[in-house]
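One structure is given here, and the rest of the page talks about it.
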Amino acid sequence: MYTTSGDLEGNDVLLHRGTLDNPSADWTVPLHAWAGWEDDYATALKVGDDIGTFDVGGGFSTFDAAIGRQLWKTDSLEDCLGAVGRTMGDLAIASVQDCEGTSSESKGSVAFRLDGTVLARSDSPVVQQPSLDEPTDTSIPIVLGDTAFDRTTGEQLWRDDALSYDFPGDELNEPRTYATLKYVIGHVGLLQASNGTTALDLRDGEHLWQAGLNGSIIGRDNDLVLTSAGTDLSAVDVTTGETEWTASTSMMFPDDESMTFEMLVDAADGSYLVQSGSKLAMLQPLP
């Protein structure tokens, strides 16, 4: 069992390995980690067969799972990096911050291997941070900025202007550029902008389809994704863009017709358990 303790705000953190009866039975070692009290720690500590990670406060930390020795760390203040997340291939994605200027926008993004060496980098100011990141395997490229890179070698493979969207601004918001890659599902990347959804084959950058889908994806079932838009719940095939079915929340909860679904709890054999707040609904295929 692995646990952490200490003062994250003071960068005084200890990593322990042991048992439920004695969390430090094997060892206790210091671990570099800094974060504010309001940060999310629930998913910060993860341990694999050989390597463990502890990512909080915009920084990354990687350690040897056998002895706890820290292998690599970044610091959002010292390194001018912001942790974006980890992805398949044991890669950590960070945004490059403008520590010497006044701009809050990123200056690029970097993919690090577990030992802290750089796999690939992009100078594009857009930072891709898909809310669903489930590539088929490590043969699917990783996207930094507007460019795709081999997830193993770091070789640049293709680029596409559709991976960013220039918002012209309005009376309330300044013009800015947004990243559009919102979901990675198998070999398909779904881009969302003001004109709807575009699907890319991440293997070669080919545009597969474009549709006026603007709902949020709450989960997937193989090649199907469940999208929630207004009071409608739909299943869309990511390989074709075709909508397989649509169901209205009014059919499930007549007394709460304005409700929208927020999460797919489980999917199996075409049946779906979906959640909205404290309410659950089970959808099953028609006979």
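In the structure tokens, each chain is lettered A, B, ... as it comes, each chain's residues begin at 1, and ligands are numbered from 1 in order of appearance.
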Could you pull out all residues of range 30-267 of chain A with a DSSP call of strand (DSSP E) and give them as an NGL selection string? :A and (30-31 or 45-47 or 51-54 or 61-64 or 70-73 or 81-87 or 91-96 or 108-112 or 118-122 or 132-135 or 142-144 or 147-149 or 156-159 or 164-167 or 176-179 or 181-186 or 188-193 or 196-201 or 206-211 or 216-221 or 224-229 or 232-237 or 243-248 or 263-267)
Where does range 188-266 of chain A meet range 128-138 of chain A within 10 Å, residue by residue, with the nearest atom pair and distance in Å to one decimal for each, counting only C-alpha atoms, listed by chain and rising number, as JSON lines?
```
{"residue": "A:Val188", "atom": "CA", "partner": "A:Pro135", "partner_atom": "CA", "distance": 8.0}
{"residue": "A:Gly189", "atom": "CA", "partner": "A:Pro135", "partner_atom": "CA", "distance": 8.9}
{"residue": "A:Leu190", "atom": "CA", "partner": "A:Pro130", "partner_atom": "CA", "distance": 9.1}
{"residue": "A:Leu191", "atom": "CA", "partner": "A:Pro130", "partner_atom": "CA", "distance": 9.4}
{"residue": "A:Leu202", "atom": "CA", "partner": "A:Pro135", "partner_atom": "CA", "distance": 9.2}
{"residue": "A:Ser216", "atom": "CA", "partner": "A:Ser131", "partner_atom": "CA", "distance": 9.9}
{"residue": "A:Ile217", "atom": "CA", "partner": "A:Leu132", "partner_atom": "CA", "distance": 8.4}
{"residue": "A:Ile218", "atom": "CA", "partner": "A:Leu132", "partner_atom": "CA", "distance": 8.8}
{"residue": "A:Gly219", "atom": "CA", "partner": "A:Leu132", "partner_atom": "CA", "distance": 8.0}
{"residue": "A:Arg220", "atom": "CA", "partner": "A:Leu132", "partner_atom": "CA", "distance": 9.2}
```
Set the distance at 8 Å and use only C-alpha atoms: which residues neighbour Phe60 in chain A once local chain neighbours fewer than 2 positions away are removed? I'd like the list as a ChimeraX atom specification. /A:33,53-56,58,62,72-75,83,92
Go ahead and dump the residues you just picked, C-alpha atoms, as a PDB file, in the first residue's frame.
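Saved the output as result.pdb:
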```pdb
ATOM      1  CA  ALA A  33       5.437  17.941  -4.408  1.00  0.00           C
ATOM      2  CA  THR A  53       3.504   9.075 -10.150  1.00  0.00           C
ATOM      3  CA  PHE A  54       2.249  11.874  -7.902  1.00  0.00           C
ATOM      4  CA  ASP A  55       0.895  14.828  -9.875  1.00  0.00           C
ATOM      5  CA  VAL A  56      -0.430  17.864  -8.014  1.00  0.00           C
ATOM      6  CA  GLY A  58       0.620  21.883 -11.817  1.00  0.00           C
ATOM      7  CA  THR A  62       7.751  10.224 -10.784  1.00  0.00           C
ATOM      8  CA  TRP A  72      11.939  13.043 -12.089  1.00  0.00           C
ATOM      9  CA  LYS A  73      10.023  16.140 -11.066  1.00  0.00           C
ATOM     10  CA  THR A  74       8.878  19.442 -12.488  1.00  0.00           C
ATOM     11  CA  ASP A  75       7.860  22.552 -10.634  1.00  0.00           C
ATOM     12  CA  ALA A  83       0.977  19.956 -15.774  1.00  0.00           C
ATOM     13  CA  ALA A  92       3.402  13.477 -19.251  1.00  0.00           C
TER      14      ALA A  92
END
```
Which one of A:Asp79, A:Ala35, A:Tyr41, A:Ala66 sits closest to Met1 in chain A if you count only C-alpha atoms?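 Going through A:Asp79, A:Ala35, A:Tyr41, A:Ala66 one by one, the smallest distance to Met1 in chain A is for A:Ala66.
In terms of minimum interatomic distance to Met263 in chain A, A:Leu233 ranks closest within A:Ala193, A:Leu233, A:Leu71, A:Cys80, counting only C-alpha atoms.
Taking CA of Tyr272 in chain A and CA of Gly212 in chain A as endpoints, the distance between them is 24.1 Å.
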To one decimal place, how far is CA of Ala94 in chain A from CA of Leu200 in chain A in Å? 23.0 Å
Can you pull out every residue from range 96-263 of chain A that DSSP, working from the backbone, puts in helix (DSSP H, G or I), and format the result as number ranges by chain? A: 161-163, 249-252
Could you give me, as a PDB file with C-alpha atoms, in the first residue's frame, the residues within 12 Å of Thr117 in chain A, counting only C-alpha atoms and dropping anything in the same chain fewer than 2 positions from it?
```
ATOM      1  CA  LEU A  71      13.203   9.761 -10.672  1.00  0.00           C
ATOM      2  CA  TRP A  72      11.939  13.043 -12.089  1.00  0.00           C
ATOM      3  CA  LYS A  73      10.023  16.140 -11.066  1.00  0.00           C
ATOM      4  CA  THR A  74       8.878  19.442 -12.488  1.00  0.00           C
ATOM      5  CA  ASP A  90       3.776   6.707 -20.000  1.00  0.00           C
ATOM      6  CA  LEU A  91       3.934  10.287 -21.240  1.00  0.00           C
ATOM      7  CA  ALA A  92       3.402  13.477 -19.251  1.00  0.00           C
ATOM      8  CA  ILE A  93       2.080  16.520 -21.103  1.00  0.00           C
ATOM      9  CA  VAL A 110       5.898  19.413 -24.260  1.00  0.00           C
ATOM     10  CA  ALA A 111       5.580  15.629 -23.977  1.00  0.00           C
ATOM     11  CA  PHE A 112       7.952  14.082 -21.416  1.00  0.00           C
ATOM     12  CA  ARG A 113       8.903  10.462 -20.955  1.00  0.00           C
ATOM     13  CA  LEU A 114       8.800   9.012 -17.432  1.00  0.00           C
ATOM     14  CA  ASP A 115      12.491   9.790 -16.909  1.00  0.00           C
ATOM     15  CA  LEU A 119       9.790  13.175 -26.486  1.00  0.00           C
ATOM     16  CA  ALA A 120       8.303  16.029 -28.529  1.00  0.00           C
ATOM     17  CA  ARG A 121       7.406  19.689 -28.252  1.00  0.00           C
ATOM     18  CA  GLY A 154       8.575  11.637 -31.192  1.00  0.00           C
TER      19      GLY A 154
END
```
Counting only C-alpha atoms, the option among A:Val265, A:Glu100, A:Phe167, A:Arg203 closest to Val143 in chain A: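 Of all the options, A:Arg203 lies closest to Val143 in chain A.
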Give me the residues near Thr198 in chain A as an MDAnalysis selection string, where near means some atom within 10 Å (using only C-alpha atoms) and where sequence neighbours in that chain fewer than 6 positions away do not count. chainID A and resid 162:163 180:181 188:192 207:213 238 241
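Nearest-residue note for Ala44 in chain A: choosing from A:Thr3, A:Ser194, A:Thr19, A:Ser164, the minimum distance belongs to A:Thr3, counting only C-alpha atoms.
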